[in-house]
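Structure file run.cif; described as mmCIF, N, CA and C atoms.
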```cif
data_target
loop_
_atom_site.label_atom_id
_atom_site.label_comp_id
_atom_site.auth_asym_id
_atom_site.auth_seq_id
_atom_site.Cartn_x
_atom_site.Cartn_y
_atom_site.Cartn_z
N MET A 884 -27.36 -51.57 -34.99
CA MET A 884 -27.82 -51.89 -33.64
C MET A 884 -28.97 -52.89 -33.73
N SER A 885 -29.02 -53.76 -32.76
CA SER A 885 -30.09 -54.74 -32.66
C SER A 885 -31.43 -54.03 -32.49
N GLU A 886 -32.49 -54.76 -32.72
CA GLU A 886 -33.83 -54.20 -32.53
C GLU A 886 -34.14 -53.99 -31.05
N TYR A 887 -33.45 -54.73 -30.17
CA TYR A 887 -33.67 -54.65 -28.73
C TYR A 887 -32.35 -54.38 -28.03
N VAL A 888 -32.40 -53.63 -26.91
CA VAL A 888 -31.19 -53.33 -26.16
C VAL A 888 -31.43 -53.47 -24.66
N GLN A 889 -30.35 -53.76 -23.95
CA GLN A 889 -30.35 -53.72 -22.50
C GLN A 889 -29.50 -52.53 -22.09
N VAL A 890 -30.08 -51.65 -21.32
CA VAL A 890 -29.44 -50.40 -20.92
C VAL A 890 -28.98 -50.54 -19.48
N SER A 891 -27.79 -50.01 -19.20
CA SER A 891 -27.20 -50.14 -17.88
C SER A 891 -26.77 -48.78 -17.35
N THR A 892 -27.03 -48.56 -16.07
CA THR A 892 -26.52 -47.41 -15.34
C THR A 892 -26.39 -47.81 -13.89
N ALA A 893 -25.99 -46.90 -13.04
CA ALA A 893 -25.88 -47.17 -11.61
C ALA A 893 -26.20 -45.90 -10.84
N THR A 894 -26.61 -46.08 -9.59
CA THR A 894 -26.90 -44.96 -8.71
C THR A 894 -26.23 -45.20 -7.36
N PRO A 895 -26.12 -44.15 -6.54
CA PRO A 895 -25.46 -44.32 -5.25
C PRO A 895 -26.30 -45.06 -4.20
N THR A 896 -27.64 -45.03 -4.34
CA THR A 896 -28.48 -45.69 -3.34
C THR A 896 -29.53 -46.57 -4.00
N GLU A 897 -30.03 -47.53 -3.23
CA GLU A 897 -31.08 -48.42 -3.74
C GLU A 897 -32.35 -47.63 -4.04
N ASP A 898 -32.73 -46.73 -3.16
CA ASP A 898 -33.95 -45.93 -3.37
C ASP A 898 -33.86 -45.14 -4.67
N GLN A 899 -32.70 -44.55 -4.96
CA GLN A 899 -32.53 -43.81 -6.21
C GLN A 899 -32.62 -44.74 -7.41
N ALA A 900 -32.06 -45.93 -7.29
CA ALA A 900 -32.11 -46.90 -8.39
C ALA A 900 -33.54 -47.32 -8.68
N VAL A 901 -34.30 -47.61 -7.62
CA VAL A 901 -35.69 -48.02 -7.79
C VAL A 901 -36.52 -46.88 -8.38
N ALA A 902 -36.29 -45.66 -7.92
CA ALA A 902 -37.02 -44.51 -8.45
C ALA A 902 -36.70 -44.28 -9.92
N LEU A 903 -35.43 -44.38 -10.28
CA LEU A 903 -35.02 -44.18 -11.67
C LEU A 903 -35.63 -45.27 -12.56
N ALA A 904 -35.54 -46.51 -12.13
CA ALA A 904 -36.13 -47.63 -12.88
C ALA A 904 -37.63 -47.44 -13.01
N GLY A 905 -38.28 -47.11 -11.92
CA GLY A 905 -39.73 -46.94 -11.93
C GLY A 905 -40.19 -45.83 -12.85
N SER A 906 -39.47 -44.73 -12.85
CA SER A 906 -39.88 -43.61 -13.71
C SER A 906 -39.75 -43.99 -15.19
N ALA A 907 -38.73 -44.75 -15.54
CA ALA A 907 -38.55 -45.17 -16.94
C ALA A 907 -39.62 -46.17 -17.36
N VAL A 908 -39.96 -47.10 -16.47
CA VAL A 908 -40.99 -48.10 -16.80
C VAL A 908 -42.36 -47.43 -16.86
N LYS A 909 -42.67 -46.56 -15.90
CA LYS A 909 -43.97 -45.87 -15.92
C LYS A 909 -44.14 -45.02 -17.17
N ALA A 910 -43.04 -44.46 -17.68
CA ALA A 910 -43.08 -43.65 -18.90
C ALA A 910 -43.12 -44.52 -20.16
N ARG A 911 -43.09 -45.83 -19.98
CA ARG A 911 -43.10 -46.81 -21.08
C ARG A 911 -41.89 -46.69 -21.99
N LEU A 912 -40.77 -46.24 -21.40
CA LEU A 912 -39.52 -46.18 -22.14
C LEU A 912 -38.71 -47.45 -21.96
N ALA A 913 -39.04 -48.21 -20.93
CA ALA A 913 -38.44 -49.52 -20.67
C ALA A 913 -39.56 -50.49 -20.33
N ALA A 914 -39.42 -51.72 -20.79
CA ALA A 914 -40.43 -52.73 -20.49
C ALA A 914 -40.34 -53.16 -19.03
N GLY A 915 -39.13 -53.21 -18.53
CA GLY A 915 -38.90 -53.62 -17.15
C GLY A 915 -37.48 -53.26 -16.77
N ALA A 916 -37.20 -53.37 -15.48
CA ALA A 916 -35.87 -53.04 -14.98
C ALA A 916 -35.55 -53.91 -13.78
N GLN A 917 -34.28 -54.18 -13.61
CA GLN A 917 -33.81 -54.88 -12.43
C GLN A 917 -32.83 -53.97 -11.71
N VAL A 918 -32.93 -53.98 -10.39
CA VAL A 918 -31.98 -53.25 -9.55
C VAL A 918 -31.14 -54.31 -8.85
N ILE A 919 -29.84 -54.21 -9.00
CA ILE A 919 -28.91 -55.18 -8.45
C ILE A 919 -27.95 -54.47 -7.52
N GLY A 920 -27.76 -55.02 -6.34
CA GLY A 920 -26.76 -54.40 -5.49
C GLY A 920 -26.98 -54.64 -4.03
N PRO A 921 -26.08 -54.09 -3.27
CA PRO A 921 -25.02 -53.21 -3.75
C PRO A 921 -23.93 -53.97 -4.48
N VAL A 922 -23.30 -53.28 -5.43
CA VAL A 922 -22.14 -53.81 -6.13
C VAL A 922 -20.96 -52.89 -5.82
N THR A 923 -19.78 -53.46 -5.88
CA THR A 923 -18.58 -52.65 -5.66
C THR A 923 -18.04 -52.24 -7.01
N SER A 924 -17.84 -50.96 -7.21
CA SER A 924 -17.29 -50.43 -8.45
C SER A 924 -15.85 -49.99 -8.22
N VAL A 925 -15.03 -50.21 -9.22
CA VAL A 925 -13.64 -49.78 -9.23
C VAL A 925 -13.48 -48.91 -10.47
N PHE A 926 -12.96 -47.70 -10.34
CA PHE A 926 -13.05 -46.75 -11.45
C PHE A 926 -11.99 -45.66 -11.39
N TRP A 927 -11.88 -44.96 -12.52
CA TRP A 927 -11.17 -43.68 -12.60
C TRP A 927 -12.24 -42.61 -12.72
N HIS A 928 -12.13 -41.55 -11.93
CA HIS A 928 -13.08 -40.44 -12.00
C HIS A 928 -12.34 -39.14 -11.68
N LEU A 929 -12.44 -38.19 -12.58
CA LEU A 929 -11.78 -36.90 -12.43
C LEU A 929 -10.29 -37.06 -12.15
N GLY A 930 -9.69 -38.03 -12.87
CA GLY A 930 -8.26 -38.25 -12.76
C GLY A 930 -7.81 -39.01 -11.53
N GLU A 931 -8.75 -39.49 -10.74
CA GLU A 931 -8.39 -40.21 -9.52
C GLU A 931 -8.97 -41.61 -9.54
N TYR A 932 -8.20 -42.56 -9.00
CA TYR A 932 -8.62 -43.94 -8.83
C TYR A 932 -9.54 -44.02 -7.63
N GLY A 933 -10.62 -44.81 -7.75
CA GLY A 933 -11.52 -44.94 -6.61
C GLY A 933 -12.29 -46.23 -6.60
N THR A 934 -12.93 -46.49 -5.50
CA THR A 934 -13.85 -47.61 -5.35
C THR A 934 -15.07 -47.10 -4.60
N GLY A 935 -16.18 -47.79 -4.75
CA GLY A 935 -17.38 -47.40 -4.03
C GLY A 935 -18.49 -48.39 -4.26
N GLN A 936 -19.53 -48.27 -3.47
CA GLN A 936 -20.70 -49.11 -3.65
C GLN A 936 -21.76 -48.37 -4.45
N GLU A 937 -22.39 -49.10 -5.35
CA GLU A 937 -23.44 -48.55 -6.20
C GLU A 937 -24.55 -49.59 -6.34
N TYR A 938 -25.65 -49.16 -6.91
CA TYR A 938 -26.75 -50.04 -7.27
C TYR A 938 -26.90 -50.01 -8.77
N LYS A 939 -26.76 -51.16 -9.40
CA LYS A 939 -26.83 -51.30 -10.85
C LYS A 939 -28.29 -51.35 -11.28
N VAL A 940 -28.61 -50.64 -12.35
CA VAL A 940 -29.96 -50.66 -12.93
C VAL A 940 -29.84 -51.16 -14.36
N LEU A 941 -30.57 -52.25 -14.67
CA LEU A 941 -30.61 -52.81 -16.02
C LEU A 941 -32.03 -52.65 -16.55
N LEU A 942 -32.15 -52.08 -17.74
CA LEU A 942 -33.47 -51.83 -18.34
C LEU A 942 -33.54 -52.44 -19.73
N SER A 943 -34.70 -52.96 -20.11
CA SER A 943 -34.90 -53.54 -21.44
C SER A 943 -35.80 -52.64 -22.26
N THR A 944 -35.39 -52.38 -23.50
CA THR A 944 -36.19 -51.52 -24.38
C THR A 944 -35.88 -51.87 -25.83
N THR A 945 -36.48 -51.14 -26.74
CA THR A 945 -36.18 -51.30 -28.16
C THR A 945 -35.16 -50.25 -28.58
N ALA A 946 -34.45 -50.55 -29.64
CA ALA A 946 -33.49 -49.57 -30.18
C ALA A 946 -34.22 -48.28 -30.57
N GLU A 947 -35.42 -48.42 -31.05
CA GLU A 947 -36.23 -47.25 -31.45
C GLU A 947 -36.51 -46.32 -30.27
N ARG A 948 -36.76 -46.89 -29.09
CA ARG A 948 -37.09 -46.08 -27.91
C ARG A 948 -35.85 -45.67 -27.11
N TYR A 949 -34.67 -46.20 -27.47
CA TYR A 949 -33.47 -45.90 -26.71
C TYR A 949 -33.18 -44.40 -26.58
N PRO A 950 -33.25 -43.61 -27.65
CA PRO A 950 -32.93 -42.18 -27.48
C PRO A 950 -33.81 -41.48 -26.43
N GLU A 951 -35.08 -41.82 -26.40
CA GLU A 951 -35.97 -41.23 -25.39
C GLU A 951 -35.63 -41.73 -23.99
N LEU A 952 -35.30 -43.03 -23.88
CA LEU A 952 -34.91 -43.58 -22.59
C LEU A 952 -33.62 -42.92 -22.10
N GLU A 953 -32.65 -42.78 -22.99
CA GLU A 953 -31.39 -42.12 -22.61
C GLU A 953 -31.65 -40.71 -22.10
N ALA A 954 -32.44 -39.94 -22.82
CA ALA A 954 -32.74 -38.56 -22.40
C ALA A 954 -33.42 -38.55 -21.03
N HIS A 955 -34.34 -39.46 -20.83
CA HIS A 955 -35.06 -39.55 -19.56
C HIS A 955 -34.10 -39.89 -18.42
N LEU A 956 -33.26 -40.90 -18.62
CA LEU A 956 -32.33 -41.31 -17.57
C LEU A 956 -31.35 -40.20 -17.24
N LEU A 957 -30.84 -39.51 -18.25
CA LEU A 957 -29.91 -38.41 -17.99
C LEU A 957 -30.58 -37.27 -17.24
N ALA A 958 -31.83 -36.99 -17.56
CA ALA A 958 -32.55 -35.91 -16.89
C ALA A 958 -32.91 -36.26 -15.44
N GLU A 959 -33.20 -37.53 -15.17
CA GLU A 959 -33.66 -37.94 -13.85
C GLU A 959 -32.56 -38.50 -12.95
N HIS A 960 -31.39 -38.72 -13.49
CA HIS A 960 -30.31 -39.38 -12.76
C HIS A 960 -29.76 -38.46 -11.66
N PRO A 961 -29.40 -39.03 -10.50
CA PRO A 961 -28.85 -38.20 -9.42
C PRO A 961 -27.43 -37.69 -9.70
N TRP A 962 -26.71 -38.29 -10.63
CA TRP A 962 -25.36 -37.84 -10.95
C TRP A 962 -25.39 -36.94 -12.18
N ASP A 963 -24.47 -35.99 -12.26
CA ASP A 963 -24.39 -35.07 -13.39
C ASP A 963 -23.96 -35.75 -14.68
N ASN A 964 -23.05 -36.71 -14.59
CA ASN A 964 -22.52 -37.37 -15.79
C ASN A 964 -22.44 -38.87 -15.55
N PRO A 965 -23.61 -39.54 -15.47
CA PRO A 965 -23.59 -40.97 -15.16
C PRO A 965 -23.11 -41.81 -16.34
N GLU A 966 -22.53 -42.96 -16.00
CA GLU A 966 -22.23 -43.94 -17.04
C GLU A 966 -23.57 -44.53 -17.49
N LEU A 967 -23.81 -44.48 -18.78
CA LEU A 967 -25.04 -45.00 -19.36
C LEU A 967 -24.64 -45.71 -20.65
N THR A 968 -24.88 -47.02 -20.70
CA THR A 968 -24.51 -47.80 -21.88
C THR A 968 -25.68 -48.68 -22.31
N ALA A 969 -25.63 -49.08 -23.57
CA ALA A 969 -26.63 -50.01 -24.09
C ALA A 969 -25.91 -51.09 -24.88
N VAL A 970 -26.33 -52.32 -24.67
CA VAL A 970 -25.79 -53.44 -25.43
C VAL A 970 -26.93 -54.12 -26.17
N ALA A 971 -26.62 -54.61 -27.34
CA ALA A 971 -27.62 -55.26 -28.17
C ALA A 971 -28.08 -56.57 -27.54
N ILE A 972 -29.36 -56.81 -27.60
CA ILE A 972 -29.91 -58.12 -27.26
C ILE A 972 -29.95 -58.88 -28.58
N THR A 973 -29.04 -59.81 -28.75
CA THR A 973 -28.91 -60.50 -30.04
C THR A 973 -29.85 -61.68 -30.18
N ALA A 974 -30.38 -62.17 -29.07
CA ALA A 974 -31.32 -63.28 -29.11
C ALA A 974 -32.17 -63.24 -27.86
N GLY A 975 -33.35 -63.79 -27.96
CA GLY A 975 -34.26 -63.88 -26.82
C GLY A 975 -35.48 -64.67 -27.20
N SER A 976 -36.19 -65.16 -26.22
CA SER A 976 -37.40 -65.91 -26.54
C SER A 976 -38.41 -64.99 -27.23
N ALA A 977 -39.20 -65.56 -28.09
CA ALA A 977 -40.19 -64.77 -28.83
C ALA A 977 -41.11 -64.03 -27.86
N GLY A 978 -41.51 -64.70 -26.79
CA GLY A 978 -42.40 -64.07 -25.82
C GLY A 978 -41.77 -62.89 -25.12
N ALA A 979 -40.50 -63.02 -24.75
CA ALA A 979 -39.81 -61.92 -24.07
C ALA A 979 -39.65 -60.72 -24.99
N LEU A 980 -39.25 -60.97 -26.22
CA LEU A 980 -39.06 -59.86 -27.16
C LEU A 980 -40.39 -59.18 -27.50
N GLU A 981 -41.44 -59.97 -27.62
CA GLU A 981 -42.77 -59.41 -27.86
C GLU A 981 -43.22 -58.56 -26.67
N TRP A 982 -42.92 -59.03 -25.46
CA TRP A 982 -43.25 -58.27 -24.24
C TRP A 982 -42.52 -56.93 -24.22
N ILE A 983 -41.23 -56.92 -24.56
CA ILE A 983 -40.47 -55.66 -24.59
C ILE A 983 -41.13 -54.70 -25.58
N ARG A 984 -41.35 -55.17 -26.80
CA ARG A 984 -41.92 -54.30 -27.83
C ARG A 984 -43.30 -53.78 -27.42
N GLY A 985 -44.15 -54.66 -26.93
CA GLY A 985 -45.49 -54.24 -26.54
C GLY A 985 -45.50 -53.28 -25.36
N SER A 986 -44.57 -53.47 -24.44
CA SER A 986 -44.55 -52.65 -23.24
C SER A 986 -44.05 -51.23 -23.51
N VAL A 987 -43.21 -51.04 -24.50
CA VAL A 987 -42.67 -49.71 -24.78
C VAL A 987 -43.35 -49.04 -25.97
N SER A 988 -44.37 -49.67 -26.47
CA SER A 988 -45.10 -49.09 -27.60
C SER A 988 -45.73 -47.78 -27.17
N PRO A 989 -45.50 -46.70 -27.91
CA PRO A 989 -46.02 -45.38 -27.50
C PRO A 989 -47.55 -45.31 -27.36
N GLN A 990 -48.29 -46.17 -28.07
CA GLN A 990 -49.75 -46.08 -28.00
C GLN A 990 -50.33 -46.72 -26.75
N GLN A 991 -49.51 -47.37 -25.92
CA GLN A 991 -49.99 -47.97 -24.66
C GLN A 991 -50.36 -46.86 -23.68
N ASP A 992 -51.27 -47.19 -22.75
CA ASP A 992 -51.55 -46.20 -21.69
C ASP A 992 -51.30 -46.76 -20.33
#
```
Kindly transcribe the structure held in the file into structure tokens.
Amino acid sequence: MSEYVQVSTATPTEDQAVALAGSAVKARLAAGAQVIGPVTSVFWHLGEYGTGQEYKVLLSTTAERYPELEAHLLAEHPWDNPELTAVAITAGSAGALEWIRGSVSPQQD
């Protein structure tokens, strides 16, 4: 896994997305987050085809902090079994990567 990851999930409402993003950033598990939406999702769930509107949440963190971020998101998420994925950040400006690392450093207050 890359040293840095972008984590993705979604929530049913904008307020829930902002609250979830804010709690992760305040806990210093993510350097920052973007809430995008509404987006239309097309999916299979519990054996049924469906569509719906959601708010996408994208968070930036380090691979080292990902397990804690995952646990936090799962505990705070409004859904029982949310889709939660992480993709490697394979390149980025030195300043952006330094900002991610510094922002999620456990010794920050």
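The residues returned by the PyMOL selection byres ((chain A and resi 917) around 7) for this structure are Ala904, Gly915, Ala916, Val918, Ile919, Lys939, Val940, Leu941, Leu942 and Ser943 of chain A.
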Compile the contact shell of Ala914 (chain A) as a PyMOL selection string: residues with an atom at most 12 Å away, counting only C-alpha atoms, same-chain residues fewer than 4 positions apart removed.
chain A and resi 887-890+904-910+941-945+948-949+952+979-989+991
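Selection by the PyMOL selection byres ((chain A and resi 929-938) around 6.5) on the present file picks out Thr892, Ala893, Thr894, Pro895, Thr896, Glu897, Ala900, Val918, Ile919, Gly920, Pro921, Val922, Thr923, Ser924, Val925, Phe926, Trp927, His928, Lys939 and Val940 of chain A.
Using only C-alpha atoms, the nearest neighbour of Glu959 (chain A) within the list A:Gly978, A:Asp898, A:Ala946, A:Leu903 is A:Leu903.
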How would you write, as a VMD selection string, the set of residues in chain A that DSSP gives as alpha helix (DSSP H)?
chain A and resid 897 to 909 949 to 959 977 to 986
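Taking only C-alpha atoms into account, His960 (chain A) lies nearest to A:Ala902 out of the set A:Ala977, A:Ala902, A:Ser885, A:Glu947.
The space between atom C of Val970 (chain A) and atom N of Val901 (chain A) spans 21.0 Å.
The spacing separating atom C of Leu956 (chain A) from CA of Thr973 (chain A) amounts to 24.1 Å.
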Between CA of His955 (chain A) and CA of Glu886 (chain A), distance in Å (one decimal)
19.6 Å
Go through the shown structure with the PyMOL selection byres ((chain A and resi 965-967) around 6.5) and write out the matching residues as a VMD selection string.
chain A and resid 891 to 893 962 to 964 968 to 969
From a backbone DSSP assignment, name each residue in chain A labelled strand (DSSP E or B), as a count of residues only.
41
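Restricting the calculation to only N, CA and C atoms, the smallest distance between Gln899 (chain A) and any of A:Pro961, A:Ser976, A:Pro950, A:Ala971 is found for A:Pro961.
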